[in-house]
$ cat query.cif   # mmCIF, C-alpha atoms and all ligand atoms
data_final
loop_
_atom_site.label_atom_id
_atom_site.label_comp_id
_atom_site.auth_asym_id
_atom_site.auth_seq_id
_atom_site.Cartn_x
_atom_site.Cartn_y
_atom_site.Cartn_z
CA MET A 53 72.75 132.31 111.17
CA ALA A 54 72.29 128.87 109.69
CA PRO A 55 69.23 126.90 110.70
CA ASP A 56 71.41 124.35 112.44
CA GLY A 57 73.97 126.50 114.12
CA SER A 58 76.00 129.63 114.01
CA ARG A 59 78.63 131.00 111.69
CA LEU A 60 81.52 131.84 113.89
CA ASP A 61 83.07 134.17 111.38
CA SER A 62 79.99 136.35 111.15
CA ARG A 63 78.72 136.01 114.71
CA PRO A 64 81.80 135.69 116.87
CA ASP A 65 81.30 134.29 120.32
CA PRO A 66 83.58 136.36 122.59
CA GLY A 67 85.08 133.15 123.93
CA VAL A 68 85.62 131.48 120.57
CA ASP A 69 87.27 133.66 117.97
CA ALA A 70 88.08 131.68 114.87
CA GLY A 71 90.46 134.30 113.52
CA ASP A 72 92.49 134.38 116.72
CA HIS A 73 92.66 130.62 116.78
CA LEU A 74 93.88 130.50 113.22
CA ALA A 75 96.45 133.18 113.84
CA ALA A 76 97.67 131.24 116.85
CA ALA A 77 97.61 127.93 115.03
CA PRO A 78 101.18 126.70 115.07
CA HIS A 79 102.84 125.88 111.77
CA ALA A 80 99.60 126.07 109.78
CA GLN A 81 100.16 129.76 109.31
CA LEU A 82 100.07 130.75 105.70
CA GLY A 83 99.27 134.07 107.17
CA GLU A 84 97.31 135.71 104.41
CA LEU A 85 93.75 134.50 104.56
CA PRO A 86 91.40 133.57 107.40
CA PRO A 87 89.06 130.62 106.88
CA GLU A 88 86.13 131.38 104.57
CA GLU A 89 83.51 130.03 106.92
CA VAL A 90 83.31 128.30 110.27
CA LEU A 91 80.11 126.69 111.48
CA GLN A 92 79.32 125.41 114.91
CA ILE A 93 76.36 123.05 114.97
CA ALA A 94 74.60 121.46 117.94
CA LYS A 95 71.68 119.01 117.77
CA PRO A 96 71.12 117.80 121.33
CA GLU A 97 68.50 115.21 120.35
CA SER A 98 71.14 113.19 118.47
CA GLY A 99 74.13 114.24 120.58
CA LEU A 100 75.65 116.09 117.62
CA ARG A 101 78.15 118.82 118.44
CA CYS A 102 80.39 119.66 115.55
CA ILE A 103 82.48 122.29 113.83
CA ILE A 104 82.69 122.56 110.06
CA ALA A 105 85.60 124.72 108.94
CA ILE A 106 85.77 125.74 105.30
CA ASP A 107 89.28 127.06 104.86
CA SER A 108 89.28 127.79 101.14
CA THR A 109 87.11 127.14 98.11
CA ALA A 110 89.41 129.04 95.76
CA ARG A 111 90.27 125.81 93.95
CA GLY A 112 86.82 124.21 94.26
CA ALA A 113 84.55 122.71 96.91
CA ALA A 114 86.19 122.08 100.27
CA LEU A 115 87.43 118.50 100.57
CA GLY A 116 88.53 117.21 103.92
CA GLY A 117 88.17 114.73 106.71
CA CYS A 118 85.52 114.17 109.33
CA ARG A 119 86.82 113.36 112.82
CA LEU A 120 85.04 112.05 115.89
CA LEU A 121 87.13 112.55 119.02
CA PRO A 122 86.49 113.19 122.72
CA TYR A 123 87.54 116.85 122.62
CA GLY A 124 88.11 118.41 126.02
CA SER A 125 86.33 121.64 125.03
CA ASP A 126 84.68 123.41 122.11
CA ARG A 127 87.80 125.55 121.78
CA GLU A 128 89.96 122.49 121.37
CA ALA A 129 87.60 121.16 118.70
CA LEU A 130 87.60 124.51 116.91
CA LEU A 131 91.38 124.78 116.87
CA ASP A 132 91.67 121.24 115.54
CA ALA A 133 89.12 121.96 112.80
CA LEU A 134 90.86 125.18 111.76
CA ARG A 135 94.30 123.64 111.60
CA LEU A 136 93.10 120.56 109.77
CA ALA A 137 91.07 122.62 107.30
CA ARG A 138 94.10 124.75 106.50
CA ALA A 139 96.25 121.64 106.12
CA MET A 140 93.64 120.27 103.69
CA SER A 141 93.87 123.42 101.54
CA MET A 142 97.64 123.06 101.41
CA LYS A 143 97.48 119.33 100.77
CA ASN A 144 94.91 119.52 97.98
CA ALA A 145 96.76 122.42 96.35
CA LEU A 146 100.13 120.65 96.42
CA ALA A 147 98.54 117.59 94.83
CA ASP A 148 96.93 119.79 92.15
CA LEU A 149 93.46 118.60 93.10
CA PRO A 150 90.58 120.80 91.93
CA PHE A 151 89.32 121.13 95.48
CA GLY A 152 89.67 123.56 98.32
CA GLY A 153 90.20 122.58 101.94
CA GLY A 154 87.85 122.00 104.84
CA GLN A 155 87.39 119.83 107.87
CA ALA A 156 84.58 118.63 110.07
CA VAL A 157 85.18 117.64 113.67
CA LEU A 158 82.53 116.01 115.80
CA CYS A 159 82.80 115.98 119.60
CA ARG A 160 82.34 112.39 120.69
CA PRO A 161 79.34 112.24 123.07
CA ALA A 162 80.10 110.96 126.57
CA GLY A 163 78.70 107.50 127.29
CA ARG A 164 76.62 105.40 124.90
CA PHE A 165 75.23 106.96 121.73
CA ASP A 166 73.59 105.89 118.50
CA ARG A 167 76.41 106.12 115.99
CA SER A 168 74.25 105.87 112.93
CA GLU A 169 71.91 108.60 114.19
CA LEU A 170 74.87 110.83 115.09
CA PHE A 171 76.30 110.67 111.57
CA SER A 172 72.85 110.97 109.99
CA ALA A 173 72.33 114.16 112.02
CA PHE A 174 75.71 115.40 110.85
CA GLY A 175 74.71 114.63 107.25
CA ARG A 176 71.46 116.57 107.65
CA ALA A 177 73.35 119.49 109.17
CA LEU A 178 75.86 119.43 106.34
CA ALA A 179 73.06 119.41 103.77
CA SER A 180 71.20 122.25 105.49
CA VAL A 181 74.21 124.56 105.37
CA GLY A 182 74.82 124.20 101.68
CA GLY A 183 76.75 120.96 101.40
CA GLY A 184 79.91 122.42 99.89
CA HIS A 185 82.08 120.31 102.15
CA VAL A 186 83.08 116.85 101.05
CA ALA A 187 83.72 114.73 104.12
CA THR A 188 85.88 111.61 104.20
CA ALA A 189 86.68 109.23 107.06
CA ASP A 190 89.40 110.47 109.40
CA ALA A 191 90.50 109.81 112.98
CA GLY A 192 87.70 108.12 114.90
CA THR A 193 85.40 107.68 111.89
CA THR A 194 84.91 104.92 109.35
CA ALA A 195 83.68 104.42 105.80
CA ARG A 196 80.43 103.14 107.32
CA ASP A 197 79.99 106.43 109.21
CA MET A 198 80.50 108.31 105.97
CA ARG A 199 77.80 106.19 104.33
CA ALA A 200 75.37 107.36 107.04
CA VAL A 201 76.38 110.94 106.18
CA GLN A 202 76.01 110.20 102.51
CA ARG A 203 72.43 109.04 102.87
CA GLN A 204 71.53 112.57 104.00
CA THR A 205 73.59 114.57 101.59
CA THR A 206 75.42 114.12 98.36
CA SER A 207 78.42 116.03 99.68
CA ALA A 208 80.19 113.05 101.21
CA GLY A 209 81.50 111.84 97.89
CA ALA A 210 78.32 110.09 96.82
CA THR A 211 79.51 107.78 94.11
CA PRO A 212 79.49 104.00 94.00
CA ARG A 213 83.27 103.84 94.19
CA HIS A 214 83.32 106.05 97.25
CA ARG A 215 80.79 103.80 98.93
CA ALA A 216 82.72 100.67 98.15
CA GLY A 217 86.19 102.12 98.62
CA ASP A 218 88.28 102.82 101.66
CA HIS A 219 90.35 105.93 101.09
CA SER A 220 92.64 105.23 104.04
CA SER A 221 94.38 102.46 102.12
CA GLN A 222 95.35 105.06 99.50
CA THR A 223 96.54 107.37 102.28
CA ALA A 224 98.76 104.55 103.49
CA PHE A 225 99.97 103.84 99.95
CA GLY A 226 101.04 107.44 99.45
CA VAL A 227 102.96 107.46 102.71
CA PHE A 228 104.55 104.16 101.76
CA ILE A 229 105.76 105.69 98.48
CA ALA A 230 107.15 108.68 100.37
CA ILE A 231 108.97 106.40 102.80
CA GLU A 232 110.58 104.56 99.89
CA GLU A 233 111.77 107.87 98.39
CA GLY A 234 113.00 109.11 101.73
CA LEU A 235 114.98 105.95 102.35
CA GLN A 236 116.66 106.26 98.96
CA ARG A 237 117.68 109.80 99.89
CA VAL A 238 119.37 108.62 103.06
CA LYS A 239 120.80 105.62 101.20
CA ARG A 240 118.93 102.95 103.13
CA ARG A 241 116.82 100.06 101.89
CA LEU A 242 113.25 99.30 102.88
CA ARG A 243 113.90 95.58 103.05
CA GLY A 244 115.25 94.97 106.53
CA ALA A 245 114.62 98.55 107.66
CA THR A 246 113.03 99.11 111.06
CA ILE A 247 109.89 101.23 110.95
CA ALA A 248 108.23 102.46 114.15
CA VAL A 249 104.50 103.04 113.64
CA GLN A 250 102.52 105.10 116.14
CA GLY A 251 98.78 104.48 115.77
CA LEU A 252 97.24 101.40 114.22
CA GLY A 253 93.90 102.65 112.95
CA ALA A 254 92.65 102.50 109.40
CA ALA A 255 95.68 104.26 107.92
CA GLY A 256 98.39 102.95 110.28
CA MET A 257 97.36 99.31 109.97
CA SER A 258 97.22 99.53 106.19
CA LEU A 259 100.69 101.11 106.15
CA CYS A 260 102.01 98.30 108.36
CA GLU A 261 100.69 95.75 105.90
CA ARG A 262 102.50 97.34 102.96
CA LEU A 263 105.73 97.79 104.89
CA ARG A 264 105.71 94.25 106.14
CA ASP A 265 105.02 92.92 102.63
CA SER A 266 108.14 94.79 101.51
CA GLY A 267 110.34 93.18 104.11
CA ALA A 268 110.47 95.93 106.74
CA ARG A 269 110.60 95.14 110.46
CA LEU A 270 107.87 96.80 112.47
CA VAL A 271 107.77 98.27 115.94
CA VAL A 272 104.26 99.42 116.86
CA ALA A 273 102.26 101.18 119.54
CA ASP A 274 98.61 102.03 120.00
CA LEU A 275 96.63 103.24 122.98
CA ASP A 276 94.22 100.44 122.08
CA ARG A 277 96.07 97.30 123.16
CA ALA A 278 93.90 95.08 120.96
CA ARG A 279 95.15 96.90 117.85
CA ALA A 280 98.76 96.48 118.90
CA LEU A 281 98.17 92.77 119.50
CA GLU A 282 96.54 92.48 116.07
CA ALA A 283 99.58 94.09 114.41
CA ALA A 284 101.91 91.80 116.36
CA ALA A 285 99.96 88.76 115.16
CA ARG A 286 99.54 89.86 111.54
CA PHE A 287 102.90 91.45 110.88
CA ASP A 288 105.20 89.94 113.47
CA ALA A 289 105.53 93.46 114.89
CA ARG A 290 107.21 94.20 118.20
CA ILE A 291 104.94 96.12 120.57
CA VAL A 292 106.23 99.01 122.67
CA GLU A 293 104.37 101.18 125.13
CA PRO A 294 102.67 104.19 123.49
CA GLY A 295 104.82 106.56 125.56
CA ARG A 296 108.02 105.10 124.10
CA ILE A 297 107.36 104.75 120.40
CA LEU A 298 108.59 108.22 119.36
CA ALA A 299 112.00 107.59 120.89
CA GLU A 300 112.38 104.11 119.44
CA PRO A 301 115.64 103.62 117.49
CA CYS A 302 114.58 103.02 113.87
CA ASP A 303 115.13 103.96 110.25
CA VAL A 304 111.69 105.54 109.89
CA LEU A 305 109.30 106.87 112.49
CA ALA A 306 105.75 106.88 111.11
CA PRO A 307 103.34 108.93 113.22
CA CYS A 308 99.89 107.61 112.26
CA ALA A 309 97.83 108.67 115.29
CA LEU A 310 96.97 112.28 116.14
CA GLY A 311 98.73 115.62 115.71
CA ASP A 312 101.24 117.67 117.71
CA VAL A 313 103.46 114.69 118.42
CA LEU A 314 106.62 116.47 117.27
CA ASP A 315 107.51 119.16 119.79
CA ALA A 316 110.72 120.37 121.41
CA ASP A 317 110.72 117.51 123.92
CA SER A 318 109.90 114.63 121.60
CA VAL A 319 112.16 115.86 118.80
CA ALA A 320 115.18 115.86 121.09
CA ASN A 321 114.64 112.14 121.74
CA ILE A 322 113.94 110.99 118.20
CA ARG A 323 116.32 108.30 117.00
CA ALA A 324 115.03 107.88 113.45
CA ALA A 325 116.64 108.87 110.14
CA ILE A 326 113.27 109.83 108.66
CA VAL A 327 109.90 110.90 110.04
CA CYS A 328 107.06 110.17 107.62
CA GLY A 329 103.56 109.13 108.58
CA THR A 330 99.88 109.59 107.88
CA ALA A 331 99.01 111.73 110.93
CA ALA A 332 97.81 115.26 110.21
CA ASN A 333 99.58 118.24 111.79
CA GLN A 334 102.42 116.27 113.29
CA LEU A 335 104.49 119.35 114.09
CA ALA A 336 103.41 121.20 117.23
CA ASP A 337 105.08 124.28 115.75
CA ALA A 338 107.36 125.30 112.90
CA GLN A 339 110.37 125.28 115.22
CA ALA A 340 109.96 121.54 115.70
CA GLY A 341 110.47 121.16 111.94
CA ASP A 342 113.63 123.27 112.13
CA ALA A 343 114.88 121.28 115.11
CA LEU A 344 114.42 117.99 113.25
CA HIS A 345 116.35 119.41 110.32
CA ALA A 346 119.14 120.64 112.58
CA LEU A 347 119.40 117.15 114.07
CA GLY A 348 119.74 115.65 110.58
CA VAL A 349 116.35 113.94 110.69
CA LEU A 350 114.52 114.04 107.34
CA TYR A 351 110.94 115.11 108.12
CA LEU A 352 108.62 114.65 105.14
CA PRO A 353 105.72 117.07 105.72
CA ASP A 354 102.45 115.33 106.52
CA TYR A 355 100.37 117.39 104.12
CA LEU A 356 102.62 116.45 101.22
CA VAL A 357 102.66 112.70 101.87
CA ASN A 358 99.23 111.85 103.32
CA VAL A 359 97.16 113.08 100.37
CA GLY A 360 96.47 109.63 98.90
CA GLY A 361 93.04 109.35 100.52
CA ALA A 362 92.11 112.84 99.35
CA ILE A 363 93.17 111.97 95.79
CA SER A 364 91.04 108.83 95.91
CA ALA A 365 88.05 110.71 97.37
CA ALA A 366 88.45 113.56 94.88
CA ARG A 367 88.46 111.28 91.86
CA ALA A 368 85.47 109.37 93.24
CA CYS A 369 83.55 112.62 93.73
CA LEU A 370 84.35 113.77 90.24
CA GLU A 371 83.71 110.29 88.85
CA GLN A 372 87.04 110.49 87.11
CA GLY A 373 89.58 107.76 86.46
CA SER A 374 89.77 104.07 87.19
CA ALA A 375 91.16 102.52 90.37
CA ALA A 376 94.45 102.06 88.50
CA ASP A 377 94.47 105.77 87.60
CA VAL A 378 94.06 106.64 91.27
CA VAL A 379 97.00 104.43 92.21
CA GLN A 380 99.12 106.14 89.54
CA GLU A 381 98.13 109.56 90.77
CA VAL A 382 98.89 108.66 94.38
CA ALA A 383 102.28 107.30 93.32
CA LEU A 384 103.16 110.81 92.06
CA ILE A 385 103.74 111.65 95.73
CA GLY A 386 107.19 110.12 95.21
CA GLN A 387 108.03 112.72 92.55
CA ARG A 388 106.73 115.49 94.75
CA VAL A 389 108.94 114.34 97.62
CA ASN A 390 111.92 114.57 95.28
CA GLU A 391 110.87 117.98 94.00
CA LEU A 392 110.45 119.20 97.56
CA LEU A 393 113.91 118.03 98.52
CA GLU A 394 115.34 119.82 95.46
CA ARG A 395 113.46 122.98 96.43
CA SER A 396 114.55 122.77 100.05
CA GLY A 397 118.26 123.32 99.53
CA SER A 398 119.70 123.82 102.99
CA ARG A 399 116.31 124.70 104.52
CA ALA A 400 114.07 122.41 106.50
CA PRO A 401 111.83 120.67 103.93
CA VAL A 402 108.72 121.75 105.79
CA ARG A 403 109.65 125.42 105.27
CA ALA A 404 110.01 124.79 101.54
CA ALA A 405 106.71 122.87 101.52
CA ASP A 406 104.93 125.76 103.23
CA ASP A 407 106.24 128.14 100.56
CA TRP A 408 105.31 125.75 97.78
CA ALA A 409 101.76 125.38 99.10
CA ARG A 410 101.49 129.15 99.50
CA GLU A 411 102.48 129.62 95.85
CA LYS A 412 99.89 127.08 94.67
CA LEU A 413 97.15 128.63 96.78
CA ALA A 414 98.02 132.14 95.64
CA THR A 415 97.69 131.18 92.00
CA ALA A 416 94.34 129.54 92.74
CA VAL A 417 92.81 132.67 94.25
CA GLY A 418 90.38 134.26 91.87
CA ARG A 419 89.83 131.02 89.99
CA ASP A 420 86.62 130.23 91.81
CA GLY A 421 84.64 127.79 89.72
CA ALA A 422 87.68 126.49 87.87
CA GLY A 423 87.72 123.32 89.92
CA ALA A 424 85.10 121.15 91.54
CA PRO A 425 81.74 122.85 92.07
CA ALA A 426 82.10 125.41 94.83
CA ARG A 427 79.50 125.74 97.53
CA ARG A 428 75.94 126.86 97.04
P1 LIG B 1 91.89 105.98 113.32
O1 LIG B 1 90.98 106.64 114.28
O2 LIG B 1 91.39 104.85 112.48
O3 LIG B 1 93.18 105.46 114.10
C1 LIG B 1 93.95 106.23 114.98
C2 LIG B 1 94.66 105.26 115.91
O4 LIG B 1 95.62 105.97 116.66
C3 LIG B 1 93.72 104.57 116.89
O5 LIG B 1 93.94 103.18 116.88
C4 LIG B 1 94.11 105.19 118.23
O6 LIG B 1 93.93 104.30 119.32
C5 LIG B 1 95.58 105.49 117.99
N1 LIG B 1 96.16 106.50 118.87
C6 LIG B 1 95.65 107.71 119.20
N2 LIG B 1 96.52 108.37 119.99
C7 LIG B 1 97.60 107.56 120.14
C8 LIG B 1 98.83 107.68 120.83
N3 LIG B 1 99.14 108.78 121.53
N4 LIG B 1 99.72 106.67 120.78
C9 LIG B 1 99.42 105.55 120.06
N5 LIG B 1 98.26 105.37 119.40
C10 LIG B 1 97.37 106.37 119.43
O7 LIG B 1 92.45 107.15 112.40
P2 LIG B 1 93.06 107.05 110.91
O8 LIG B 1 91.96 107.26 109.95
O9 LIG B 1 93.93 105.84 110.81
O10 LIG B 1 93.96 108.37 110.87
C11 LIG B 1 95.18 108.41 111.58
C12 LIG B 1 95.87 109.74 111.31
O11 LIG B 1 96.11 109.89 109.92
C13 LIG B 1 95.03 110.96 111.74
O12 LIG B 1 95.89 111.98 112.17
C14 LIG B 1 94.37 111.37 110.44
O13 LIG B 1 94.00 112.73 110.44
C15 LIG B 1 95.49 111.10 109.45
N6 LIG B 1 94.98 110.90 108.10
C16 LIG B 1 94.17 109.87 107.85
C17 LIG B 1 93.66 109.70 106.55
C18 LIG B 1 92.78 108.53 106.21
O14 LIG B 1 92.57 108.29 105.00
N7 LIG B 1 92.27 107.79 107.18
C19 LIG B 1 94.00 110.63 105.55
C20 LIG B 1 94.88 111.68 105.86
C21 LIG B 1 95.35 111.81 107.15
#

$ encode --input "query.cif" --output "structure tokens"
Amino acid sequence: MAPDGSRLDSRPDPGVDAGDHLAAAPHAQLGELPPEEVLQIAKPESGLRCIIAIDSTARGAALGGCRLLPYGSDREALLDALRLARAMSMKNALADLPFGGGQAVLCRPAGRFDRSELFSAFGRALASVGGGHVATADAGTTARDMRAVQRQTTSAGATPRHRAGDHSSQTAFGVFIAIEEGLQRVKRRLRGATIAVQGLGAAGMSLCERLRDSGARLVVADLDRARALEAAARFDARIVEPGRILAEPCDVLAPCALGDVLDADSVANIRAAIVCGTAANQLADAQAGDALHALGVLYLPDYLVNVGGAISAARACLEQGSAADVVQEVALIGQRVNELLERSGSRAPVRAADDWAREKLATAVGRDGAGAPARR
């Protein structure tokens, strides 16, 4: 047992079985391997309650996001961490990054809390368990939060560029490149295209900016009305209610909020030619990907297109490459979209992407130490 918590894989709580959750995790099933390590950490004095899921270090240290969300239960947080950690393994492998996959999720404390202390406590916890997880800002967290983590541990990408940089703009850039490729496939142009963006946080807002600069028309929604109003003012975007954005008629639907938005119900109402956004785990299950394909909607898998931030964080951690090199590497997402569509044939692209990621991960197994320093 770690000093700060418990390892769920070695000390299973009867109510919280990581293996069962992973097996049940829709779409993220590569099937073969359970996560390497799952830690549940609680520090009541700072309000910290978090899960750190290390899915795979076969390619190197686990690189992944750090979320802060008001989870309804520990089980919900655990399932989110497991699915996101697995998606990170797939994403980093597909982008040929020398990193494995992991994810940290923090349960947002009810009421007022000291944000800096919360993330400092998370940093100390991360350091005390070996620090093999590289955490980057994700839903509900910011670069400033990651700096608080960084002050306690070197595992949060502790380089000057990481401190100064905002990886979400590279996430948005990669998705932008994928949207351009997707539109070419369906013989549409970005200039004048209508793009519906769900979620206007760090990644969604940055995507809006790029799309608008390229002449796209934006339709936007966010649960936070102030963000929607900001997008309307900055990008001349039309605001729709959050409950209507997925069914908005458009060329591209860009989910940039949370996961599970594409399920049997929502897919049936989608009126977009392409679905391509930053949000992780957009498909509630694999069947939703098949259903989109059957309807003739081109779904570009999230873990293929939203890797820009991970590329930026990885290069910062390794102190490799200039900012221009990072941009070039992120732009390779366009080539990978094309390769995926070649590989897909008549199958749903997400099925082909799953297979492709599985191949990459399989070849990485046994190469421990070949990539970024693995844990401990
Ligand atoms: P964020 O917390 O900055 O923003 C999320 C936004 O979505 C918030 O404004 C929130 O109000 C809004 N939102 C939540 N639920 C919504 C709903 N049902 N309808 C409309 N709006 C809703 O998060 P972010 O960093 O921009 O990340 C967004 C998504 O992209 C997440 O799924 C994240 O995992 C994924 N992602 C982000 C990065 C990155 O670099 N930030 C990298 C890879 C993947």

$ residues_near_ligand --input "query.cif" --ligand "ligand LIG 1 (chain B)" --cutoff "6 Å" --atoms "all atoms listed in the file" --output "PDB file with C-alpha atoms, in the coordinates of the input"
ATOM      1  CA  ALA A 189      86.680 109.230 107.060  1.00  0.00           C
ATOM      2  CA  ASP A 190      89.400 110.470 109.400  1.00  0.00           C
ATOM      3  CA  ALA A 191      90.500 109.810 112.980  1.00  0.00           C
ATOM      4  CA  GLY A 192      87.700 108.120 114.900  1.00  0.00           C
ATOM      5  CA  HIS A 219      90.350 105.930 101.090  1.00  0.00           C
ATOM      6  CA  SER A 220      92.640 105.230 104.040  1.00  0.00           C
ATOM      7  CA  THR A 223      96.540 107.370 102.280  1.00  0.00           C
ATOM      8  CA  GLN A 250     102.520 105.100 116.140  1.00  0.00           C
ATOM      9  CA  GLY A 251      98.780 104.480 115.770  1.00  0.00           C
ATOM     10  CA  LEU A 252      97.240 101.400 114.220  1.00  0.00           C
ATOM     11  CA  GLY A 253      93.900 102.650 112.950  1.00  0.00           C
ATOM     12  CA  ALA A 254      92.650 102.500 109.400  1.00  0.00           C
ATOM     13  CA  ALA A 255      95.680 104.260 107.920  1.00  0.00           C
ATOM     14  CA  GLY A 256      98.390 102.950 110.280  1.00  0.00           C
ATOM     15  CA  ALA A 273     102.260 101.180 119.540  1.00  0.00           C
ATOM     16  CA  ASP A 274      98.610 102.030 120.000  1.00  0.00           C
ATOM     17  CA  LEU A 275      96.630 103.240 122.980  1.00  0.00           C
ATOM     18  CA  ASP A 276      94.220 100.440 122.080  1.00  0.00           C
ATOM     19  CA  PRO A 294     102.670 104.190 123.490  1.00  0.00           C
ATOM     20  CA  CYS A 308      99.890 107.610 112.260  1.00  0.00           C
ATOM     21  CA  ALA A 309      97.830 108.670 115.290  1.00  0.00           C
ATOM     22  CA  LEU A 310      96.970 112.280 116.140  1.00  0.00           C
ATOM     23  CA  GLY A 311      98.730 115.620 115.710  1.00  0.00           C
ATOM     24  CA  THR A 330      99.880 109.590 107.880  1.00  0.00           C
ATOM     25  CA  ALA A 331      99.010 111.730 110.930  1.00  0.00           C
ATOM     26  CA  ALA A 332      97.810 115.260 110.210  1.00  0.00           C
ATOM     27  CA  ASN A 358      99.230 111.850 103.320  1.00  0.00           C
ATOM     28  CA  GLY A 361      93.040 109.350 100.520  1.00  0.00           C
TER      29      GLY A 361
END

$ residues_around --input "query.cif" --residues "segment 152-156 of chain A" --least-positions-apart "3" --cutoff "10 Å" --atoms "only C-alpha atoms" --output "count of residues only"
56

$ axis_aligned_box --input "query.cif" --around "segment 119-132 of chain A" --padding-each-side "3 Å" --output "lines of an AutoDock Vina configuration file"
center_x = 88.2
center_y = 118.8
center_z = 119.4
size_x = 13.0
size_y = 19.5
size_z = 19.2

$ closest_residue --input "query.cif" --among "A:Gly386, A:Gly124, A:Pro150, A:Gly341" --to "Val319 of chain A" --atoms "all atoms listed in the file"
A:Gly341

$ atom_distance --input "query.cif" --atom1 "atom CA of Gly348 of chain A" --atom2 "atom CA of Cys328 of chain A"
14.1 Å

$ atom_distance --input "query.cif" --atom1 "atom CA of Thr193 of chain A" --atom2 "atom CA of Phe171 of chain A"
9.6 Å

$ atom_distance --input "query.cif" --atom1 "atom CA of Ala94 of chain A" --atom2 "atom CA of Cys159 of chain A"
10.0 Å

$ closest_residue --input "query.cif" --among "A:Val272, A:Ala200, A:Leu100, A:Ser180" --to "Leu158 of chain A" --atoms "only C-alpha atoms"
A:Leu100

$ residues_near_point --input "query.cif" --point "(112.2, 121.4, 119.4)" --cutoff "8 Å" --atoms "all atoms listed in the file" --output "PDB file with C-alpha atoms, keeping the file's coordinate frame"
ATOM      1  CA  LEU A 314     106.620 116.470 117.270  1.00  0.00           C
ATOM      2  CA  ASP A 315     107.510 119.160 119.790  1.00  0.00           C
ATOM      3  CA  ALA A 316     110.720 120.370 121.410  1.00  0.00           C
ATOM      4  CA  ASP A 317     110.720 117.510 123.920  1.00  0.00           C
ATOM      5  CA  SER A 318     109.900 114.630 121.600  1.00  0.00           C
ATOM      6  CA  VAL A 319     112.160 115.860 118.800  1.00  0.00           C
ATOM      7  CA  ALA A 320     115.180 115.860 121.090  1.00  0.00           C
ATOM      8  CA  GLN A 339     110.370 125.280 115.220  1.00  0.00           C
ATOM      9  CA  ALA A 340     109.960 121.540 115.700  1.00  0.00           C
ATOM     10  CA  GLY A 341     110.470 121.160 111.940  1.00  0.00           C
ATOM     11  CA  ASP A 342     113.630 123.270 112.130  1.00  0.00           C
ATOM     12  CA  ALA A 343     114.880 121.280 115.110  1.00  0.00           C
ATOM     13  CA  LEU A 344     114.420 117.990 113.250  1.00  0.00           C
TER      14      LEU A 344
END

$ closest_residue --input "query.cif" --among "A:Phe228, A:Tyr351, A:Tyr123, A:Trp408" --to "Ile385 of chain A" --atoms "all atoms listed in the file"
A:Phe228
